[in-house]
file work.cif (mmCIF, C-alpha atoms)
data_final
#
loop_
_atom_site.label_atom_id
_atom_site.label_comp_id
_atom_site.auth_asym_id
_atom_site.auth_seq_id
_atom_site.Cartn_x
_atom_site.Cartn_y
_atom_site.Cartn_z
CA MET A 8 103.12 78.83 141.67
CA LEU A 9 101.19 81.20 139.42
CA HIS A 10 103.47 80.27 136.53
CA LEU A 11 102.77 76.57 137.13
CA LYS A 12 99.02 77.19 137.21
CA LEU A 13 99.24 79.03 133.91
CA LEU A 14 101.09 76.12 132.32
CA LEU A 15 98.49 73.64 133.54
CA LEU A 16 95.56 75.73 132.39
CA THR A 17 96.98 76.51 128.98
CA THR A 18 97.37 72.83 128.18
CA LEU A 19 93.56 72.84 128.05
CA LEU A 20 93.67 75.24 125.09
CA SER A 21 94.82 74.24 121.63
CA ILE A 22 96.19 75.81 118.47
CA ASP A 23 97.08 74.57 115.01
CA SER A 24 97.79 76.01 111.56
CA ASN A 25 95.44 76.12 108.59
CA ALA A 26 96.20 76.46 104.91
CA MET A 27 96.27 80.26 105.08
CA SER A 28 98.78 82.44 106.89
CA SER A 29 96.32 82.83 109.78
CA THR A 30 95.92 80.39 112.66
CA ILE A 31 93.20 78.36 114.33
CA PHE A 32 92.65 78.86 118.04
CA SER A 33 90.27 76.71 120.11
CA TYR A 34 89.06 77.55 123.61
CA GLU A 35 86.48 76.47 126.17
CA PRO A 36 84.98 79.43 128.10
CA THR A 37 85.47 78.36 131.71
CA LYS A 38 88.98 77.02 131.23
CA TYR A 39 90.07 80.04 129.22
CA THR A 40 88.64 82.46 131.79
CA LEU A 41 90.50 80.75 134.63
CA ALA A 42 93.75 80.96 132.68
CA HIS A 43 93.16 84.64 131.90
CA GLU A 44 92.49 85.46 135.55
CA GLU A 45 95.71 83.75 136.61
CA GLN A 46 97.83 85.75 134.16
CA ARG A 47 96.08 88.98 135.18
CA LYS A 48 97.19 88.44 138.80
CA CYS A 49 100.84 88.64 137.81
CA LEU A 50 100.51 91.32 135.10
CA GLY A 51 101.98 94.02 137.30
CA ASP A 52 105.04 91.90 138.10
CA ARG A 53 106.02 91.14 134.52
CA PRO A 54 108.62 93.39 132.88
CA LEU A 55 107.72 95.36 129.78
CA PRO A 56 109.21 94.13 126.49
CA THR A 57 112.79 95.18 125.90
CA PHE A 58 113.51 98.10 123.59
CA PRO A 59 116.10 97.62 120.82
CA ALA A 60 117.64 101.05 121.45
CA PRO A 61 117.05 104.21 123.49
CA VAL A 62 113.77 105.90 122.55
CA GLU A 63 115.71 109.06 121.75
CA SER A 64 117.31 107.24 118.80
CA ILE A 65 113.98 106.87 116.96
CA GLU A 66 113.67 109.07 113.88
CA ARG A 67 110.36 110.85 114.18
CA GLY A 68 109.09 113.79 112.20
CA ILE A 69 106.82 116.54 113.48
CA LYS A 70 103.77 115.07 111.72
CA LEU A 71 101.37 112.49 113.09
CA LYS A 72 102.65 109.00 112.22
CA VAL A 73 99.94 106.43 112.80
CA ALA A 74 100.40 102.65 112.80
CA ALA A 75 97.67 100.00 112.68
CA VAL A 76 98.51 96.62 114.17
CA GLN A 77 96.94 93.43 112.81
CA LEU A 78 97.61 90.33 114.88
CA GLU A 79 96.99 86.66 114.27
CA THR A 80 95.61 84.51 117.05
CA PRO A 81 98.70 83.64 119.12
CA ALA A 82 99.84 80.50 120.90
CA CYS A 83 97.42 79.17 123.45
CA SER A 84 98.34 81.08 126.61
CA PRO A 85 96.31 84.20 127.54
CA LYS A 86 99.66 85.77 128.40
CA ASP A 87 100.62 85.50 124.73
CA PHE A 88 97.78 87.82 123.71
CA GLN A 89 99.12 90.61 125.92
CA ASP A 90 102.77 89.96 125.08
CA ARG A 91 102.33 90.01 121.32
CA ALA A 92 100.34 93.27 121.55
CA GLU A 93 103.06 94.99 123.57
CA GLU A 94 105.76 93.69 121.25
CA ALA A 95 103.82 94.98 118.25
CA VAL A 96 103.64 98.45 119.82
CA VAL A 97 107.40 98.45 120.31
CA LYS A 98 107.91 97.35 116.70
CA ALA A 99 105.53 100.02 115.39
CA VAL A 100 107.46 102.70 117.23
CA TYR A 101 110.99 101.55 116.40
CA GLU A 102 110.50 100.25 112.86
CA HIS A 103 107.80 102.66 111.68
CA GLY A 104 108.49 105.75 113.78
CA ALA A 105 104.86 105.77 114.94
CA ASN A 106 103.66 108.21 117.58
CA LEU A 107 100.10 106.79 117.55
CA VAL A 108 99.51 103.01 117.50
CA LEU A 109 96.11 101.35 117.10
CA LEU A 110 95.61 97.80 118.37
CA GLN A 111 92.60 95.69 117.44
CA GLU A 112 89.37 95.40 119.42
CA LEU A 113 89.61 93.35 122.65
CA PHE A 114 93.21 92.40 121.87
CA GLN A 115 93.79 90.77 125.27
CA GLY A 116 92.13 87.53 124.22
CA PRO A 117 89.89 85.78 121.71
CA TYR A 118 86.67 87.48 120.60
CA PHE A 119 84.52 85.95 123.34
CA CYS A 120 81.12 87.20 122.09
CA GLN A 121 80.45 84.24 119.77
CA SER A 122 77.84 82.94 122.21
CA GLN A 123 76.33 83.76 125.59
CA GLU A 124 78.69 82.46 128.26
CA ALA A 125 78.35 83.87 131.78
CA SER A 126 81.90 82.84 132.70
CA PHE A 127 83.30 85.47 130.34
CA PHE A 128 82.10 88.34 132.55
CA ALA A 129 85.16 87.56 134.69
CA LEU A 130 87.35 88.89 131.86
CA ALA A 131 86.17 92.46 132.43
CA GLU A 132 88.55 95.13 133.72
CA ASN A 133 87.38 97.17 136.70
CA ASN A 134 88.30 100.75 137.68
CA VAL A 135 89.90 101.63 134.32
CA ASP A 136 90.08 105.31 135.31
CA GLY A 137 91.85 104.51 138.57
CA ASN A 138 93.96 101.70 139.98
CA ASN A 139 93.96 99.09 137.20
CA ALA A 140 96.97 96.89 136.45
CA LEU A 141 96.42 96.70 132.68
CA ILE A 142 95.95 100.46 132.27
CA ALA A 143 98.91 101.24 134.53
CA ARG A 144 101.07 98.89 132.47
CA MET A 145 100.01 100.44 129.17
CA GLN A 146 100.51 103.94 130.59
CA ASP A 147 104.07 102.96 131.49
CA LEU A 148 104.63 101.58 128.00
CA ALA A 149 103.17 104.70 126.34
CA LYS A 150 105.30 107.02 128.45
CA LYS A 151 108.54 105.12 127.86
CA LEU A 152 107.90 104.92 124.10
CA GLN A 153 106.40 108.43 123.85
CA VAL A 154 103.44 107.07 121.90
CA VAL A 155 99.67 107.55 122.05
CA LEU A 156 97.87 104.26 122.79
CA PRO A 157 94.10 103.69 122.53
CA ILE A 158 93.46 100.59 124.67
CA SER A 159 90.42 98.48 123.75
CA LEU A 160 89.04 96.44 126.64
CA PHE A 161 86.03 94.83 128.31
CA GLU A 162 85.08 97.26 131.10
CA ARG A 163 83.10 96.68 134.29
CA LYS A 164 81.63 99.64 136.14
CA ASN A 165 79.87 98.34 139.25
CA ASN A 166 77.09 96.13 137.82
CA VAL A 167 77.32 97.38 134.24
CA TYR A 168 79.65 96.19 131.48
CA TYR A 169 80.90 98.10 128.44
CA ASN A 170 83.03 97.62 125.34
CA SER A 171 85.44 100.52 125.85
CA VAL A 172 88.59 102.29 124.75
CA VAL A 173 90.87 104.07 127.23
CA MET A 174 92.99 106.75 125.53
CA ILE A 175 96.53 107.06 126.85
CA ASP A 176 98.61 110.05 125.79
CA ALA A 177 102.27 109.96 124.84
CA ASP A 178 103.29 111.07 128.34
CA GLY A 179 101.31 108.24 129.94
CA THR A 180 98.33 110.37 130.94
CA ASN A 181 94.95 108.63 130.98
CA LEU A 182 92.80 111.01 128.90
CA GLY A 183 89.53 109.21 129.53
CA THR A 184 87.25 106.48 128.20
CA TYR A 185 84.96 106.08 125.22
CA ARG A 186 82.24 103.42 125.52
CA LYS A 187 80.93 101.75 122.39
CA THR A 188 77.66 103.34 121.30
CA HIS A 189 76.24 100.77 118.87
CA ILE A 190 76.06 97.18 120.15
CA PRO A 191 75.47 94.38 117.62
CA ASP A 192 73.47 91.23 118.21
CA GLY A 193 73.67 88.47 115.61
CA THR A 194 74.93 84.93 115.17
CA GLY A 195 78.53 84.87 116.33
CA TYR A 196 78.45 88.51 117.45
CA GLN A 197 76.23 88.39 120.54
CA GLU A 198 77.53 91.55 122.15
CA LYS A 199 74.22 92.67 123.66
CA PHE A 200 74.57 89.82 126.17
CA TYR A 201 77.86 91.29 127.42
CA PHE A 202 77.80 95.04 126.82
CA SER A 203 75.40 97.84 127.66
CA PRO A 204 75.18 100.66 125.09
CA GLY A 205 77.84 103.23 125.91
CA ASP A 206 76.90 106.26 127.98
CA SER A 207 79.99 108.36 127.21
CA GLY A 208 78.67 109.89 124.01
CA PHE A 209 80.97 110.28 121.03
CA LYS A 210 84.32 111.71 122.08
CA VAL A 211 87.57 113.07 120.72
CA PHE A 212 90.80 113.20 122.68
CA HIS A 213 93.28 116.08 122.55
CA THR A 214 96.56 114.19 122.48
CA GLN A 215 100.12 115.37 122.02
CA VAL A 216 99.98 114.32 118.34
CA GLY A 217 96.56 115.69 117.39
CA VAL A 218 92.84 115.41 118.05
CA VAL A 219 91.97 111.70 117.94
CA GLY A 220 88.46 110.32 117.50
CA VAL A 221 87.73 106.66 118.20
CA GLY A 222 84.75 104.43 117.51
CA ILE A 223 84.62 100.69 118.15
CA CYS A 224 83.82 98.05 115.51
CA TRP A 225 80.02 98.19 114.92
CA ASP A 226 80.25 102.00 115.36
CA GLN A 227 82.12 102.05 112.06
CA TRP A 228 78.97 101.21 110.09
CA PHE A 229 77.19 104.36 111.27
CA PRO A 230 77.98 107.65 109.49
CA GLU A 231 76.65 109.51 112.53
CA THR A 232 79.63 108.28 114.55
CA ALA A 233 82.21 109.63 112.12
CA ARG A 234 80.37 112.90 111.52
CA SER A 235 80.00 113.54 115.25
CA MET A 236 83.72 113.09 115.85
CA ALA A 237 84.57 115.24 112.84
CA LEU A 238 82.30 118.00 114.15
CA MET A 239 84.22 117.86 117.42
CA GLY A 240 87.46 118.52 115.56
CA ALA A 241 88.95 115.05 115.02
CA ASP A 242 92.14 115.01 112.93
CA ILE A 243 91.95 111.24 112.55
CA LEU A 244 89.30 108.55 113.13
CA LEU A 245 90.28 105.20 114.64
CA TYR A 246 88.26 101.98 114.62
CA PRO A 247 89.59 98.96 116.57
CA THR A 248 87.69 95.99 115.13
CA ALA A 249 86.83 92.30 115.35
CA ILE A 250 85.01 91.24 112.18
CA GLY A 251 85.08 88.18 109.97
CA SER A 252 82.88 85.38 108.71
CA GLU A 253 79.16 85.04 109.46
CA PRO A 254 78.56 81.69 111.20
CA GLN A 255 74.99 81.43 109.90
CA ASP A 256 76.25 81.76 106.29
CA PRO A 257 79.98 81.15 105.72
CA THR A 258 79.64 82.27 102.08
CA ILE A 259 79.19 85.90 103.18
CA ASN A 260 82.36 87.98 102.90
CA SER A 261 81.83 91.53 104.11
CA ALA A 262 85.45 92.66 103.82
CA ASP A 263 85.07 94.92 100.77
CA HIS A 264 81.82 96.41 102.07
CA TRP A 265 83.46 96.96 105.46
CA GLN A 266 86.35 98.89 103.94
CA ARG A 267 84.18 100.96 101.58
CA THR A 268 81.92 102.05 104.43
CA MET A 269 84.80 103.60 106.34
CA GLN A 270 86.38 105.00 103.19
CA GLY A 271 83.08 106.82 102.74
CA HIS A 272 83.37 108.27 106.25
CA ALA A 273 86.84 109.58 105.43
CA ALA A 274 85.64 111.09 102.13
CA ALA A 275 82.48 112.68 103.56
CA ASN A 276 84.30 114.24 106.51
CA MET A 277 87.70 114.76 104.87
CA VAL A 278 89.39 113.05 107.82
CA PRO A 279 91.73 110.02 107.52
CA VAL A 280 90.40 106.71 108.88
CA VAL A 281 92.40 103.86 110.41
CA ALA A 282 90.98 100.39 111.12
CA SER A 283 92.74 97.56 112.97
CA ASN A 284 91.16 94.11 112.66
CA ARG A 285 92.21 90.71 114.00
CA ILE A 286 92.95 87.77 111.70
CA GLY A 287 92.66 84.01 112.12
CA THR A 288 90.06 81.40 113.02
CA GLU A 289 88.74 81.20 116.57
CA ILE A 290 86.75 78.11 117.58
CA LEU A 291 84.50 78.15 120.63
CA LEU A 292 84.34 74.75 122.34
CA ASP A 293 81.66 73.29 124.59
CA LYS A 294 82.45 71.67 127.95
CA GLU A 295 83.14 68.35 126.24
CA GLY A 296 85.75 69.96 124.00
CA LYS A 297 83.59 69.76 120.87
CA GLU A 298 83.30 72.62 118.43
CA LYS A 299 80.36 74.86 119.18
CA GLN A 300 80.98 77.68 116.69
CA ARG A 301 83.77 79.39 114.79
CA ILE A 302 84.59 82.73 113.19
CA THR A 303 87.39 83.40 110.73
CA PHE A 304 88.49 87.01 111.11
CA TYR A 305 89.66 88.41 107.81
CA GLY A 306 92.11 91.13 108.80
CA ARG A 307 92.54 93.63 105.95
CA SER A 308 93.37 96.44 108.37
CA PHE A 309 93.86 99.69 106.49
CA ILE A 310 94.58 103.42 106.48
CA THR A 311 92.93 106.02 104.24
CA ASP A 312 93.86 109.54 103.32
CA ASN A 313 91.54 112.49 103.91
CA THR A 314 89.61 111.80 100.69
CA GLY A 315 88.87 108.17 101.51
CA GLY A 316 91.58 106.79 99.26
CA LEU A 317 93.13 103.56 100.51
CA ILE A 318 96.82 104.25 101.11
CA LYS A 319 97.84 101.20 103.18
CA GLU A 320 96.34 97.72 103.68
CA ALA A 321 97.71 94.91 105.82
CA LYS A 322 98.76 91.65 104.21
CA ASP A 323 97.42 88.28 105.36
CA GLY A 324 98.66 87.29 108.78
CA SER A 325 100.21 89.53 111.40
CA ASP A 326 101.28 92.88 110.03
CA ILE A 327 101.89 96.50 110.92
CA ILE A 328 101.06 99.29 108.51
CA SER A 329 101.76 102.98 108.95
CA ALA A 330 101.27 106.35 107.31
CA GLU A 331 102.23 109.94 107.95
CA ILE A 332 99.31 112.33 108.37
CA ASP A 333 99.73 116.08 107.85
CA ILE A 334 96.93 117.23 110.12
CA HIS A 335 97.58 120.93 109.53
CA ALA A 336 97.39 120.61 105.75
CA ASN A 337 94.26 118.47 106.12
CA ARG A 338 92.62 121.10 108.30
CA SER A 339 93.25 123.76 105.64
CA ILE A 340 91.89 121.58 102.83
CA ARG A 341 88.84 120.64 104.88
CA SER A 342 88.08 124.30 105.63
CA ALA A 343 88.53 125.37 102.01
CA TRP A 344 86.22 122.62 100.72
CA GLY A 345 83.30 124.12 102.64
CA LEU A 346 81.54 120.92 103.71
CA PHE A 347 81.22 122.01 107.31
CA ARG A 348 80.55 125.64 106.42
CA ASP A 349 77.52 124.65 104.35
CA ARG A 350 75.92 122.23 106.78
CA ARG A 351 72.30 122.94 107.78
CA PRO A 352 71.84 121.32 111.21
CA GLU A 353 68.37 122.79 111.59
CA MET A 354 67.26 120.68 108.62
CA TYR A 355 68.51 117.38 109.98
CA GLY A 356 65.89 116.66 112.62
CA VAL A 357 64.80 113.48 110.84
CA ILE A 358 68.13 111.91 111.76
CA ARG A 359 67.06 112.03 115.42
CA THR A 360 64.10 109.74 114.68
CA LYS A 361 64.00 105.95 114.41
CA ASP A 362 61.54 105.72 111.53
CA GLY A 363 62.09 108.93 109.61
CA GLN A 364 58.81 110.44 110.82
CA LEU A 365 59.01 113.79 112.54
CA GLN A 366 56.39 114.54 115.16
CA ILE A 367 54.64 117.80 114.19
#

call {"tool": "encode", "arguments": {"input": "work.cif", "output": "structure tokens"}}
result
Amino acid sequence: MLHLKLLLLTTLLSIDSNAMSSTIFSYEPTKYTLAHEEQRKCLGDRPLPTFPAPVESIERGIKLKVAAVQLETPACSPKDFQDRAEEAVVKAVYEHGANLVLLQELFQGPYFCQSQEASFFALAENNVDGNNALIARMQDLAKKLQVVLPISLFERKNNVYYNSVVMIDADGTNLGTYRKTHIPDGTGYQEKFYFSPGDSGFKVFHTQVGVVGVGICWDQWFPETARSMALMGADILLYPTAIGSEPQDPTINSADHWQRTMQGHAAANMVPVVASNRIGTEILLDKEGKEKQRITFYGRSFITDNTGGLIKEAKDGSDIISAEIDIHANRSIRSAWGLFRDRRPEMYGVIRTKDGQLQI
């Protein structure tokens, strides 16, 4: 019966191809939310994707091997969002030998923050540090693949909602949650309607493959985020992302600026940066099925080295990129360079102000 309901609901969503390698996905909030809730009910009953061979057959070195997944908008069922993410993780592990895989921000569905729609609050995941079907499923996947998985999701905690990442270690352990610190509010990116500013503080996670720092999308524009995680010992900085066109001015293309900002974080902290962005056009529909607004996400997911140099960039469309990171060599180079030795925290009080004016 649930399967039949899903089929009926997904006929209310549409998809078609554009001239680029990306896709166009159209959705109406209430109908999409109902479809998502139906697929969530049966999430725990669905089998994980099949593995092409025993996990023990994967050739993995002793170094950290990170993969960034970039996914196009899928076919119109909410189930497809989850399925293609899980399949991409399997591919990253088997074809790239990854032991850390980064999926894009809010990968379970379209980027729903284009406008203020109360129905979308039903998409939030509750009890992410306890009995939650999505987290349990991803823990099972991580354990079976022996891979670290940062899981980006819409979190509900009682009456408060957050844009969060749950870090799952390679043995399936839930290491905790980071909640997005900086919340944007602009045309097409109306996140302040949905998310409260995170209360977790910046965090790093001590995983089986290294110390992993994670920020979320808008966090990536703030050097304070990267520096804080570096100070806490991060070996790598991850940024799951949803960024693309600006609906108020479609001529704006921030892709180069976006990359350079994070390359600067890598260079200034001497820590590699990995960003995973979605790609494709998502069209928000009104109740009559007419276009209300659209965003074209530009992809360009990438990996830098510890000097900020771009070493991998995703092609147009769905792609997986990977790189091997020698965290021990990077630690030695970072120490020898002296950037953290020569910091003067007592001189940086102005950074704690909004307007640059210290109160004497």

call {"tool": "closest_residue", "arguments": {"input": "work.cif", "among": "A:Ile142, A:Ala75, A:Leu245, A:Ile65", "to": "A:Gly306", "atoms": "only C-alpha atoms"}}
result
A:Ala75

call {"tool": "atom_distance", "arguments": {"input": "work.cif", "atom1": "atom CA of A:Asp256", "atom2": "atom CA of A:Gln121"}}
result
14.3 Å

call {"tool": "resolve_selection", "arguments": {"input": "work.cif", "expression": "the PyMOL selection byres ((chain A and resi 344-349) around 10)", "output": "list in words"}}
result
Ala237, Leu238, Ala275, Asn276, Met277, Ser339, Ile340, Arg341, Ser342, Ala343, Arg350, Arg351 and Pro352 of chain A

call {"tool": "atom_distance", "arguments": {"input": "work.cif", "atom1": "atom CA of A:Lys199", "atom2": "atom CA of A:Ile250"}}
result
15.8 Å

call {"tool": "residues_near_point", "arguments": {"input": "work.cif", "point": "(108.2, 102.3, 124.1)", "cutoff": "10 Å", "atoms": "all atoms listed in the file", "output": "ChimeraX atom specification"}}
result
/A:55-62,93-94,96-101,106,145,147-154,177

call {"tool": "closest_residue", "arguments": {"input": "work.cif", "among": "A:Ala143, A:Leu156, A:Leu130, A:Ala249", "to": "A:Ala105", "atoms": "only C-alpha atoms"}}
result
A:Leu156

call {"tool": "closest_residue", "arguments": {"input": "work.cif", "among": "A:Asn138, A:Asn313, A:Asn181, A:Gln255", "to": "A:Gln270", "atoms": "only C-alpha atoms"}}
result
A:Asn313

call {"tool": "axis_aligned_box", "arguments": {"input": "work.cif", "around": "stretch 70-80 of chain A", "padding_each_side": "6 Å", "output": "JSON"}}
result
{"center_x": 99.7, "center_y": 99.8, "center_z": 114.4, "size_x": 20.2, "size_y": 42.6, "size_z": 17.3}

call {"tool": "closest_residue", "arguments": {"input": "work.cif", "among": "A:Arg47, A:Ile175, A:Ser33, A:Ser84", "to": "A:Thr288", "atoms": "only C-alpha atoms"}}
result
A:Ser33

call {"tool": "closest_residue", "arguments": {"input": "work.cif", "among": "A:Ile31, A:Glu102, A:Asn133, A:Gln115", "to": "A:Ser64", "atoms": "all atoms listed in the file"}}
result
A:Glu102

call {"tool": "atom_distance", "arguments": {"input": "work.cif", "atom1": "atom CA of A:Glu289", "atom2": "atom CA of A:Arg301"}}
result
5.6 Å

call {"tool": "resolve_selection", "arguments": {"input": "work.cif", "expression": "the PyMOL selection byres ((chain A and resi 221-223) around 8)", "output": "ChimeraX atom specification"}}
result
/A:112,170-172,185,187,209-211,219-220,224-227,232-233,236,244-248

call {"tool": "closest_residue", "arguments": {"input": "work.cif", "among": "A:Gln215, A:Thr314, A:Ser325, A:Ser308", "to": "A:Ala92", "atoms": "all atoms listed in the file"}}
result
A:Ser325

call {"tool": "residues_around", "arguments": {"input": "work.cif", "residues": "A:Gln300", "least_positions_apart": "6", "cutoff": "8 Å", "atoms": "all atoms listed in the file", "output": "count of residues only"}}
result
6

call {"tool": "build_atoms", "arguments": {"input": "work.cif", "residues": "stretch 82-95 of chain A", "atoms": "N, CA and C atoms", "output": "PDB file, in the frame of the given file"}}
result
ATOM      1  N   ALA A  82      99.790  81.793 120.224  1.00  0.00           N
ATOM      2  CA  ALA A  82      99.840  80.500 120.900  1.00  0.00           C
ATOM      3  C   ALA A  82      98.815  80.511 122.026  1.00  0.00           C
ATOM      4  N   CYS A  83      98.644  79.376 122.680  1.00  0.00           N
ATOM      5  CA  CYS A  83      97.420  79.170 123.450  1.00  0.00           C
ATOM      6  C   CYS A  83      97.364  79.830 124.816  1.00  0.00           C
ATOM      7  N   SER A  84      98.393  80.461 125.299  1.00  0.00           N
ATOM      8  CA  SER A  84      98.340  81.080 126.610  1.00  0.00           C
ATOM      9  C   SER A  84      97.721  82.472 126.549  1.00  0.00           C
ATOM     10  N   PRO A  85      96.834  82.825 127.491  1.00  0.00           N
ATOM     11  CA  PRO A  85      96.310  84.200 127.540  1.00  0.00           C
ATOM     12  C   PRO A  85      97.426  85.232 127.654  1.00  0.00           C
ATOM     13  N   LYS A  86      98.515  84.876 128.297  1.00  0.00           N
ATOM     14  CA  LYS A  86      99.660  85.770 128.400  1.00  0.00           C
ATOM     15  C   LYS A  86     100.186  86.158 127.029  1.00  0.00           C
ATOM     16  N   ASP A  87     100.097  85.230 126.066  1.00  0.00           N
ATOM     17  CA  ASP A  87     100.620  85.500 124.730  1.00  0.00           C
ATOM     18  C   ASP A  87      99.854  86.630 124.041  1.00  0.00           C
ATOM     19  N   PHE A  88      98.553  86.744 124.316  1.00  0.00           N
ATOM     20  CA  PHE A  88      97.780  87.820 123.710  1.00  0.00           C
ATOM     21  C   PHE A  88      98.339  89.183 124.119  1.00  0.00           C
ATOM     22  N   GLN A  89      98.598  89.346 125.417  1.00  0.00           N
ATOM     23  CA  GLN A  89      99.120  90.610 125.920  1.00  0.00           C
ATOM     24  C   GLN A  89     100.550  90.853 125.421  1.00  0.00           C
ATOM     25  N   ASP A  90     101.373  89.810 125.479  1.00  0.00           N
ATOM     26  CA  ASP A  90     102.770  89.960 125.080  1.00  0.00           C
ATOM     27  C   ASP A  90     102.919  90.353 123.625  1.00  0.00           C
ATOM     28  N   ARG A  91     102.168  89.704 122.745  1.00  0.00           N
ATOM     29  CA  ARG A  91     102.330  90.010 121.320  1.00  0.00           C
ATOM     30  C   ARG A  91     101.821  91.414 121.006  1.00  0.00           C
ATOM     31  N   ALA A  92     100.829  91.904 121.762  1.00  0.00           N
ATOM     32  CA  ALA A  92     100.340  93.270 121.550  1.00  0.00           C
ATOM     33  C   ALA A  92     101.405  94.281 121.952  1.00  0.00           C
ATOM     34  N   GLU A  93     102.017  94.068 123.115  1.00  0.00           N
ATOM     35  CA  GLU A  93     103.060  94.990 123.570  1.00  0.00           C
ATOM     36  C   GLU A  93     104.259  94.968 122.628  1.00  0.00           C
ATOM     37  N   GLU A  94     104.633  93.790 122.176  1.00  0.00           N
ATOM     38  CA  GLU A  94     105.760  93.690 121.250  1.00  0.00           C
ATOM     39  C   GLU A  94     105.464  94.376 119.923  1.00  0.00           C
ATOM     40  N   ALA A  95     104.211  94.308 119.491  1.00  0.00           N
ATOM     41  CA  ALA A  95     103.820  94.980 118.250  1.00  0.00           C
ATOM     42  C   ALA A  95     103.895  96.491 118.402  1.00  0.00           C
TER      43      ALA A  95
END
